[in-house]
Every structure is written in structure tokens, then in C-alpha cells.
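Enquirer: This is the structure, below, for whatever I ask next.
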Amino acid sequence: MIRRPRRLRTSSSIRKYTQEHTVQAHDLIFPLFVVSGENRKIEISSMPGIHKMSIDNILLEIEECVSLGIEAFILFGTPDTKDALASSAYADGNIIEIASKAIKAKFPEVWLIADICVCSYTDHGHCGVLKNGKIDNDLSLDLLAKMAVSCAKAGIDTVAPSAMMDGQIEALRSALDKENLVETSVMSYSAKYFSSFYGPFREAADSAPQEGDRSTYQMDPANSKEAIVETELDVAQGADFIMVKPAMSYMDIISKLNDAFDIPLVAYNVSGEYSMIKAAAEKGWVDEKKIVSELLLSFKRAGANLIITYFAKDFLNSSKS
Ligand code: PBG
């Protein structure tokens with residue numbers, strides 16, 4: 001035998017030095033759910049360890065994250081009021097505007113990303129404007145663009161449209177450019193699937209549709225070539241980042257997009273993926289620390305450059321010990 005792959009596994013040091021991939025703090029983006037008021041920290045029962053927080057507590061959370069090396073956050077607003085046109089998503093003084101200004105005042109260097117979608121802000125819970133019982137794609141673009149401009153004016157560095165409306169990247173890019181917000185980047189949820197793995201998030205963001213589902217705008221889990229089509233369109237429209245969501249059951253898509261595109265690729269390790277592991281770990285069925293590090297490594301191996309994950313803090317805390 002000339003080739004013996006086991007030679008490279010003979011000691012922990014050789015194994016470390018021959019690792020092809022690693023997960024570092026700067027690969028991880030931590031989601032934050034923002035609520036109004038003060039001194040509020042509301043546990044999300046389906047996502048142990050994750051809370052909706054008022055801005056004072058968000059600032060403390062960011063401070064803790066920064067001490068662990070996490071400097072990127074994606075913000076989700078959970079507003080007090082909802083209406084058919086999601087006005088609380090873009091009205092003056094909206095929750096993300098206030099949060100962004102407060103965070104940037106204290107932590108000017110952190111990378112702030114805002115999820116751009118109206119499902120938490122509409123009374124019907126859909127990601128766009130409902131007209132005669134259907135989502136009107138082009139009317140929805142106006143709302144998304146308004147929301148993105150409001151976020152960018154408040155200091156958000158990157159807007160991340162997740163509504164899966166056709167043309168949303170172009171709509172945001174041109175609205176931002178018109179306001180001279182040329183440095184605001186766009187992170188497209190380019191391949192976002194119609195997935196049941198978002199269940200716990202919808203409890204957190206109170207964003208489940210009142211009627212119907214999201215199958216007319218999010219992608220069918222049966223499809224893979226379509227991920228290329230969606231992503232090509234978004235790149236042509238000016239996306240600075242592309243994304244696969246969910247991540248765990250869609251590693252093939254991560255790998256495909258990594259082969260096909262040269263811009264940074266994000267994997268979104270979604271709420272249901274988080275909660276399943278938390279639940280199994282609570283029962284003692286899996287070793288959470290080991291399984292999480294294997295999971296995050298798998299996203300990197302599949303080709304993701306960045307990972308949005310609720311495990312970011314846990315992972316870095318446990319790799320310290
Ligand atoms: C908004 C949005 C959702 C998630 C991120 N942005 C919910 C959805 O599309 O229903 C899900 C994130 C998660 O499950 O962690 N549209």
C-alpha cells in the first residue's frame with residue numbers, strides 16, 4: 001500500500017494541521033429579535049436560550065457577543081402594531097430604525113443586517129401585499145423598498161430581502177441608489193425554500209400567515225435547478241451576497257451555488273434546525289456541543305462562507321472551555 005490516508009490521522013496535532021475547513025467567530029452572524037419598550041427579555045418557548053429583547057437588553061447582548069468575537073447581527077423587528085400595508089415596517093420611528101441608531105451609537109463597527117420582509121408587520125402575516133386573496137408581487141416591491149431605505153437611513157449596513165418577490169433585489173438597489181445610499185449592500189435570500197423548518201421562528205416573530213401559506217412565493221423543496229435561476233436573477237440585479245435557507249437539509253444547494261457563483265454565500269441555519277438539536281440535547285440523546293460544531297463545519301465544507309445561526313454564542317462559548 002503506497003497511500004495510507006490514516007497516516008494523516010495519527011495524532012491530534014496532525015489532524016488539526018490537515019483540517020480543510022474551520023469555523024471561526026467571523027463566520028457567524030447572530031439573529032436578534034427586537035421589541036419595543038425597556039427592560040424586556042421574553043423567552044421564545046420553542047427556541048430555548050433565544051429571547052425577544054428591548055433595545056437596552058439588545059445592547060447588552062451585543063456586548064457579550066462582541067466579547068466572543070461575533071460582530072455581525074441580523075435584526076428582526078417584532079412591532080406593536082400591524083396593518084394590511086405593514087406601515088410599522090417603514091414609518092418614522094419604526095422598531096428597526098430605533099434599534100439600529102442605538103446600536104450604531106454604541107457599537108459603530110458592528111455589521112448590522114436587517115431582514116427585509118413584511119410578514120411580522122402585516123395583519124394577515126404574508127410577506128407582501130394581499131390583493132383579492134393573492135400576493136401582489138409588484139405592489140409588494142414598493143413596501144420592501146421603503147423598508148430597506150428606512151433601515152439604511154438609520155445606519156443598517158446591509159439589507160436582506162427575504163420575501164421571495166420577483167425583482168426584489170433590483171427594487172431595493174434602485175430605491176437605495178436614488179437616496180444615494182450606494183454603500184448599503186444587499187444580502188439576498190436568493191434560494192429560500194417553502195420550509196416547515198421555520199416553525200419556531202414564526203412563534204418568535206408572530207409572523208405565521210392567517211390564511212393560506214407561502215407556497216406561491218417561496219421555492220418548492222423538490223427543486224434544485226431553480227435555485228440557480230433564482231440566484232442568477234438576484235446576482236444580475238445587484239445582490240452582494242447570496243443565501244441558501246434552510247441550510248441543514250439543503251447542503252446540496254449550498255454546494256451547487258458555491259460552484260456556480262463567486263460572491264459570498266450565506267447559509268441560514270434556521271429556527272427549526274436549532275430547536276430540534278436543543279430538544280434532542282435536553283433529552284440527553286445527542287451531545288449538543290459536538291453536534292453543533294460538526295453541523296457548523298458541515299456548512300463550511302459544503303461551501304458556505306458565512307452562517308446565520310442561533311448557535312453562534314453557544315458555539316463560541318463552548319469552544320472557549
Ligand atoms: C421572514 C423570515 C422568516 C425567516 C427569516 N425571515 C420566516 C418565513 O419566511 O416564514 C425564518 C428564519 C428561521 O426559521 O430561523 N420572511
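Residue numbering restarts at 1 for every chain of the C-alpha cells, chains are lettered A, B, ... in their displayed order, and ligands are numbered from 1 as they appear.
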For chain A against ligand 1, with a cut-off of 10 Å and counting only C-alpha atoms and all ligand atoms, what is the closest atom pair and its distance in Å to one decimal for every residue that makes the cut, ordered by chain and number, as a tab-separated table?
Expert:
residue	atom	partner	partner_atom_place_in_ligand_line	distance
A:Pro31	CA	ligand 1	15 (O)	8.3
A:Met47	CA	ligand 1	15 (O)	9.7
A:Ile74	CA	ligand 1	5 (C)	9.8
A:Leu75	CA	ligand 1	6 (N)	9.8
A:Phe76	CA	ligand 1	6 (N)	7.8
A:Ala114	CA	ligand 1	6 (N)	9.9
A:Asp115	CA	ligand 1	6 (N)	6.3
A:Ile116	CA	ligand 1	1 (C)	7.5
A:Cys117	CA	ligand 1	16 (N)	5.4
A:Val118	CA	ligand 1	16 (N)	7.2
A:Cys119	CA	ligand 1	16 (N)	5.9
A:Ser120	CA	ligand 1	1 (C)	7.5
A:Gly125	CA	ligand 1	10 (O)	9.0
A:His126	CA	ligand 1	16 (N)	8.2
A:Cys127	CA	ligand 1	16 (N)	6.0
A:Gly128	CA	ligand 1	16 (N)	9.6
A:Ala160	CA	ligand 1	6 (N)	9.0
A:Pro161	CA	ligand 1	16 (N)	8.4
A:Ser162	CA	ligand 1	16 (N)	5.2
A:Ala163	CA	ligand 1	16 (N)	5.3
A:Met164	CA	ligand 1	16 (N)	8.2
A:Tyr189	CA	ligand 1	6 (N)	8.7
A:Lys192	CA	ligand 1	9 (O)	7.9
A:Tyr193	CA	ligand 1	9 (O)	8.3
A:Phe194	CA	ligand 1	9 (O)	7.6
A:Ser195	CA	ligand 1	10 (O)	7.9
A:Ser196	CA	ligand 1	14 (O)	8.5
A:Phe197	CA	ligand 1	14 (O)	6.0
A:Tyr198	CA	ligand 1	14 (O)	3.4
A:Gly199	CA	ligand 1	14 (O)	6.3
A:Pro200	CA	ligand 1	14 (O)	6.4
A:Phe201	CA	ligand 1	14 (O)	4.5
A:Arg202	CA	ligand 1	7 (C)	6.2
A:Glu203	CA	ligand 1	14 (O)	9.6
A:Ala204	CA	ligand 1	15 (O)	9.2
A:Ala205	CA	ligand 1	7 (C)	8.0
A:Asp206	CA	ligand 1	7 (C)	9.6
A:Ser207	CA	ligand 1	10 (O)	6.8
A:Ala208	CA	ligand 1	10 (O)	6.7
A:Pro209	CA	ligand 1	10 (O)	8.4
A:Asp213	CA	ligand 1	10 (O)	9.1
A:Arg214	CA	ligand 1	10 (O)	7.5
A:Tyr217	CA	ligand 1	9 (O)	9.8
A:Gln218	CA	ligand 1	9 (O)	7.8
A:Lys245	CA	ligand 1	12 (C)	8.2
A:Pro246	CA	ligand 1	14 (O)	7.6
A:Tyr268	CA	ligand 1	15 (O)	7.4
A:Asn269	CA	ligand 1	15 (O)	6.8
A:Val270	CA	ligand 1	15 (O)	3.5
A:Ser271	CA	ligand 1	15 (O)	3.6
A:Gly272	CA	ligand 1	14 (O)	6.1
A:Glu273	CA	ligand 1	15 (O)	8.1
A:Tyr274	CA	ligand 1	15 (O)	8.1
A:Ser275	CA	ligand 1	15 (O)	9.6
A:Ile308	CA	ligand 1	15 (O)	8.8
A:Thr309	CA	ligand 1	15 (O)	8.1
A:Tyr310	CA	ligand 1	15 (O)	7.9
Enquirer: Looking only at the backbone, which of the residues in segment 50-145 of chain A does DSSP tag as alpha helix (DSSP H), as a PyMOL selection string?
Expert: chain A and resi 55-68+95-106+137-145
Enquirer: Identify which of the residues A:Arg40, A:Lys225, A:Lys178, A:Lys278 lies closest to Ala191 of chain A, counting only C-alpha atoms when measuring atom-to-atom distances.
Expert: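 Looking only at the distances to Ala191 of chain A, the closest residue turns out to be A:Lys225.
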Enquirer: Give the strand (DSSP E or B) residues of segment 71-195 of chain A, as assigned by DSSP on the backbone, as a PyMOL selection string.
Expert: chain A and resi 72-77+83+111-116+122+129-131+134-136+158-161+185-187+191-193
Enquirer: List as a PyMOL selection string the protein and nucleic acid residues near Leu28 of chain A, meaning an atom at most 12 Å away when only C-alpha atoms are counted, but skip any in the same chain fewer than 6 places from it.
Expert: chain A and resi 22+65-66+68-74+111+266-269+296-297+299-300+304-316
Enquirer: Which of these residues is nearest to Ile242 of chain A, using only C-alpha atoms: A:Pro79, A:Pro264, A:Gly167, A:Pro221?
Expert: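 The closest residue to Ile242 of chain A is A:Pro264.
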Enquirer: Rounded to one decimal in Å, what is the spacing between atom CA of Val149 of chain A and atom CA of Leu176 of chain A?
Expert: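 Pair atom CA of Val149 of chain A / atom CA of Leu176 of chain A returns 5.8 Å.
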Enquirer: Please provide as a ChimeraX atom specification all residues within 9 Å of Val159 of chain A, with the sequence filter that same-chain residues fewer than 5 positions apart are discarded (counting only C-alpha atoms).
Expert: /A:112-116,148-149,151-152,172,184-188
Enquirer: Output N, CA, C and O atoms for every residue in that selection, as a short mmCIF file (atom, residue, chain, number, x, y, z; two decimals), in the first residue's frame.
Expert:
data_model
loop_
_atom_site.label_atom_id
_atom_site.label_comp_id
_atom_site.auth_asym_id
_atom_site.auth_seq_id
_atom_site.Cartn_x
_atom_site.Cartn_y
_atom_site.Cartn_z
N LEU A 112 -24.34 45.48 10.83
CA LEU A 112 -25.77 45.31 11.07
C LEU A 112 -26.50 44.99 9.77
O LEU A 112 -26.43 45.73 8.79
N ILE A 113 -27.21 43.90 9.83
CA ILE A 113 -28.00 43.44 8.69
C ILE A 113 -29.47 43.51 9.13
O ILE A 113 -29.76 43.22 10.30
N ALA A 114 -30.36 43.92 8.27
CA ALA A 114 -31.78 43.90 8.63
C ALA A 114 -32.53 42.99 7.68
O ALA A 114 -32.38 43.10 6.45
N ASP A 115 -33.32 42.09 8.24
CA ASP A 115 -34.20 41.26 7.42
C ASP A 115 -35.27 42.17 6.82
O ASP A 115 -35.92 42.93 7.54
N ILE A 116 -35.39 42.11 5.51
CA ILE A 116 -36.39 42.96 4.85
C ILE A 116 -37.54 42.08 4.37
O ILE A 116 -37.47 41.42 3.34
N ALA A 148 -36.43 49.01 3.22
CA ALA A 148 -34.97 48.97 3.06
C ALA A 148 -34.36 50.37 3.19
O ALA A 148 -33.33 50.56 3.84
N VAL A 149 -35.01 51.35 2.57
CA VAL A 149 -34.49 52.73 2.63
C VAL A 149 -34.53 53.24 4.07
O VAL A 149 -33.58 53.84 4.57
N CYS A 151 -34.35 51.49 6.80
CA CYS A 151 -33.27 50.80 7.55
C CYS A 151 -31.92 51.42 7.22
O CYS A 151 -31.13 51.72 8.12
N ALA A 152 -31.67 51.62 5.93
CA ALA A 152 -30.36 52.11 5.52
C ALA A 152 -30.11 53.52 6.07
O ALA A 152 -29.01 53.84 6.52
N LEU A 172 -34.89 47.12 -4.50
CA LEU A 172 -34.16 47.68 -3.34
C LEU A 172 -32.95 48.48 -3.80
O LEU A 172 -32.71 49.58 -3.33
N THR A 184 -24.84 50.89 0.99
CA THR A 184 -25.65 49.85 1.65
C THR A 184 -25.65 48.61 0.76
O THR A 184 -26.01 48.69 -0.42
N SER A 185 -25.23 47.50 1.32
CA SER A 185 -25.19 46.28 0.49
C SER A 185 -26.48 45.48 0.62
O SER A 185 -27.27 45.68 1.55
N VAL A 186 -26.66 44.58 -0.34
CA VAL A 186 -27.88 43.76 -0.37
C VAL A 186 -27.51 42.29 -0.23
O VAL A 186 -26.74 41.75 -1.03
N MET A 187 -28.03 41.67 0.82
CA MET A 187 -27.84 40.24 1.02
C MET A 187 -29.15 39.56 0.63
O MET A 187 -30.16 39.71 1.31
N SER A 188 -29.10 38.87 -0.49
CA SER A 188 -30.34 38.27 -0.97
C SER A 188 -30.56 36.88 -0.37
O SER A 188 -29.67 36.05 -0.37
#
Enquirer: Using only C-alpha atoms for the distances, tell me which of A:Asn223, A:Met165, A:Thr18, A:Ser46 is nearest to Ala279 of chain A.
Expert: A:Ser46
Enquirer: Nearest to Glu109 of chain A: which of A:Asp157, A:Ser12, A:Asp142, A:Gln168 is it, counting only C-alpha atoms?
Expert: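 Closest to Glu109 of chain A of all the choices is A:Asp157.
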Enquirer: Using only C-alpha atoms, which residues of segment 98-145 of chain A come within 7 Å of segment 81-89 of chain A, and what is the closest atom pair for each, with the distance in Å to one decimal? Give it as JSON lines, sorted by chain and residue number.
Expert:
{"residue": "A:Val118", "atom": "CA", "partner": "A:Ala86", "partner_atom": "CA", "distance": 6.0}
{"residue": "A:Tyr121", "atom": "CA", "partner": "A:Ala86", "partner_atom": "CA", "distance": 4.7}
{"residue": "A:Thr122", "atom": "CA", "partner": "A:Ala86", "partner_atom": "CA", "distance": 4.6}
{"residue": "A:Asp123", "atom": "CA", "partner": "A:Asp83", "partner_atom": "CA", "distance": 4.8}
{"residue": "A:His124", "atom": "CA", "partner": "A:Ala84", "partner_atom": "CA", "distance": 6.8}
{"residue": "A:Val129", "atom": "CA", "partner": "A:Leu85", "partner_atom": "CA", "distance": 6.4}
Enquirer: Residues at most 7 Å from Tyr90 of chain A, counting only C-alpha atoms, excluding those fewer than 2 positions away in the same chain, as a PyMOL selection string?
Expert: chain A and resi 87-88+92+94+146-147+150
Enquirer: Taking only C-alpha atoms into account, which of A:Gly238, A:Gly77, A:Pro48, A:Gly303 comes nearest Ser174 of chain A?
Expert: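 Closest to Ser174 of chain A of all the choices is A:Gly238.
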Enquirer: So which residues touch segment 257-262 of chain A within 9 Å, counting only C-alpha atoms, skipping near sequence neighbours fewer than 2 positions away, as a list in words?
Expert: Ala227, Ile228, Thr231, Glu232, Val235, Ile242, Met243, Val244, Asp252, Ile253, Ile254, Ser255, Pro264, Leu265, Ala302, Gly303, Ala304 and Asn305 of chain A
Enquirer: Using the selection just defined, write its residues with all heavy atoms as a short mmCIF file (atom, residue, chain, number, x, y, z; two decimals), in the first residue's frame.
Expert:
data_model
loop_
_atom_site.label_atom_id
_atom_site.label_comp_id
_atom_site.auth_asym_id
_atom_site.auth_seq_id
_atom_site.Cartn_x
_atom_site.Cartn_y
_atom_site.Cartn_z
N ALA A 227 -32.88 26.90 -7.92
CA ALA A 227 -32.04 27.71 -7.01
C ALA A 227 -31.02 28.50 -7.81
O ALA A 227 -30.67 29.63 -7.48
CB ALA A 227 -31.36 26.82 -5.99
N ILE A 228 -30.55 27.89 -8.91
CA ILE A 228 -29.59 28.58 -9.78
C ILE A 228 -30.30 29.74 -10.50
O ILE A 228 -29.77 30.85 -10.56
CB ILE A 228 -29.00 27.61 -10.83
CG1 ILE A 228 -28.31 26.41 -10.15
CG2 ILE A 228 -28.09 28.33 -11.81
CD1 ILE A 228 -26.87 26.62 -9.81
N THR A 231 -30.96 32.57 -8.11
CA THR A 231 -29.74 33.25 -7.69
C THR A 231 -29.13 34.04 -8.84
O THR A 231 -28.64 35.16 -8.65
CB THR A 231 -28.74 32.23 -7.10
OG1 THR A 231 -29.42 31.52 -6.04
CG2 THR A 231 -27.51 32.90 -6.53
N GLU A 232 -29.19 33.49 -10.04
CA GLU A 232 -28.70 34.24 -11.21
C GLU A 232 -29.43 35.57 -11.35
O GLU A 232 -28.83 36.62 -11.61
CB GLU A 232 -28.91 33.43 -12.50
CG GLU A 232 -27.72 32.58 -12.85
CD GLU A 232 -28.01 31.60 -13.98
OE1 GLU A 232 -29.16 31.52 -14.47
OE2 GLU A 232 -27.05 30.89 -14.36
N VAL A 235 -28.21 37.97 -8.63
CA VAL A 235 -26.86 38.48 -8.87
C VAL A 235 -26.91 39.53 -10.00
O VAL A 235 -26.32 40.60 -9.90
CB VAL A 235 -25.88 37.32 -9.19
CG1 VAL A 235 -24.54 37.86 -9.66
CG2 VAL A 235 -25.70 36.44 -7.96
N ILE A 242 -25.36 36.11 -1.55
CA ILE A 242 -26.46 35.19 -1.86
C ILE A 242 -26.65 34.24 -0.68
O ILE A 242 -25.78 34.16 0.19
CB ILE A 242 -26.20 34.42 -3.17
CG1 ILE A 242 -24.83 33.73 -3.13
CG2 ILE A 242 -26.29 35.38 -4.36
CD1 ILE A 242 -24.51 32.90 -4.36
N MET A 243 -27.77 33.54 -0.65
CA MET A 243 -28.06 32.73 0.53
C MET A 243 -28.84 31.47 0.20
O MET A 243 -29.61 31.46 -0.76
CB MET A 243 -28.89 33.57 1.52
CG MET A 243 -28.97 32.98 2.93
SD MET A 243 -30.22 33.77 3.97
CE MET A 243 -29.62 35.43 4.07
N VAL A 244 -28.62 30.45 1.02
CA VAL A 244 -29.46 29.26 0.98
C VAL A 244 -30.13 29.13 2.34
O VAL A 244 -29.49 29.23 3.38
CB VAL A 244 -28.62 27.99 0.70
CG1 VAL A 244 -29.50 26.74 0.77
CG2 VAL A 244 -27.94 28.09 -0.66
N ASP A 252 -26.88 20.29 -0.47
CA ASP A 252 -26.63 20.13 -1.91
C ASP A 252 -26.76 21.47 -2.63
O ASP A 252 -26.01 21.78 -3.56
CB ASP A 252 -27.59 19.08 -2.51
CG ASP A 252 -29.06 19.41 -2.26
OD1 ASP A 252 -29.38 19.98 -1.18
OD2 ASP A 252 -29.89 19.13 -3.13
N ILE A 253 -27.70 22.27 -2.16
CA ILE A 253 -27.92 23.57 -2.80
C ILE A 253 -26.76 24.52 -2.46
O ILE A 253 -26.28 25.27 -3.32
CB ILE A 253 -29.28 24.19 -2.36
CG1 ILE A 253 -30.42 23.19 -2.54
CG2 ILE A 253 -29.56 25.50 -3.10
CD1 ILE A 253 -30.68 22.77 -3.96
N ILE A 254 -26.30 24.45 -1.22
CA ILE A 254 -25.14 25.27 -0.82
C ILE A 254 -23.97 24.94 -1.74
O ILE A 254 -23.30 25.83 -2.30
CB ILE A 254 -24.76 25.01 0.66
CG1 ILE A 254 -25.89 25.43 1.60
CG2 ILE A 254 -23.46 25.75 1.02
CD1 ILE A 254 -25.66 25.10 3.07
N SER A 255 -23.74 23.66 -1.92
CA SER A 255 -22.60 23.23 -2.73
C SER A 255 -22.76 23.70 -4.19
O SER A 255 -21.82 24.19 -4.81
CB SER A 255 -22.51 21.70 -2.62
OG SER A 255 -21.60 21.21 -3.54
N PRO A 264 -19.94 36.16 -1.94
CA PRO A 264 -20.10 35.47 -0.67
C PRO A 264 -21.46 34.77 -0.53
O PRO A 264 -22.50 35.34 -0.87
CB PRO A 264 -19.94 36.58 0.36
CG PRO A 264 -19.12 37.62 -0.32
CD PRO A 264 -19.49 37.56 -1.77
N LEU A 265 -21.39 33.55 -0.05
CA LEU A 265 -22.57 32.70 0.08
C LEU A 265 -22.87 32.47 1.56
O LEU A 265 -22.00 32.07 2.33
CB LEU A 265 -22.28 31.36 -0.63
CG LEU A 265 -23.27 30.22 -0.47
CD1 LEU A 265 -24.66 30.60 -0.97
CD2 LEU A 265 -22.77 28.99 -1.25
N ALA A 302 -19.59 22.42 2.87
CA ALA A 302 -20.49 22.42 1.71
C ALA A 302 -20.22 23.64 0.82
O ALA A 302 -20.56 23.63 -0.36
CB ALA A 302 -21.94 22.41 2.18
N GLY A 303 -19.63 24.70 1.39
CA GLY A 303 -19.29 25.86 0.55
C GLY A 303 -19.79 27.18 1.07
O GLY A 303 -19.60 28.21 0.41
N ALA A 304 -20.44 27.19 2.24
CA ALA A 304 -20.91 28.47 2.77
C ALA A 304 -19.72 29.29 3.27
O ALA A 304 -18.79 28.74 3.86
CB ALA A 304 -21.89 28.24 3.92
N ASN A 305 -19.75 30.58 3.03
CA ASN A 305 -18.72 31.48 3.58
C ASN A 305 -19.14 32.01 4.94
O ASN A 305 -18.30 32.24 5.81
CB ASN A 305 -18.49 32.68 2.65
CG ASN A 305 -18.14 32.25 1.25
OD1 ASN A 305 -18.95 32.39 0.34
ND2 ASN A 305 -16.96 31.70 1.08
#
Enquirer: Here is a test: counting only C-alpha atoms, which residue of A:Ile156, A:Val34, A:Val292, A:Met276 is nearest to Ile55 of chain A?
Expert: A:Val34
Enquirer: Can you tell me how far atom CA of Ile44 of chain A sits from atom CA of Pro108 of chain A, in Å to one decimal?
Expert: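 We find that atom CA of Ile44 of chain A and atom CA of Pro108 of chain A lie 28.4 Å from each other.
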Enquirer: For the atom pair atom CA of Lys104 of chain A and atom CA of Gln24 of chain A, what is the interatomic distance in Å to one decimal place?
Expert: 23.6 Å
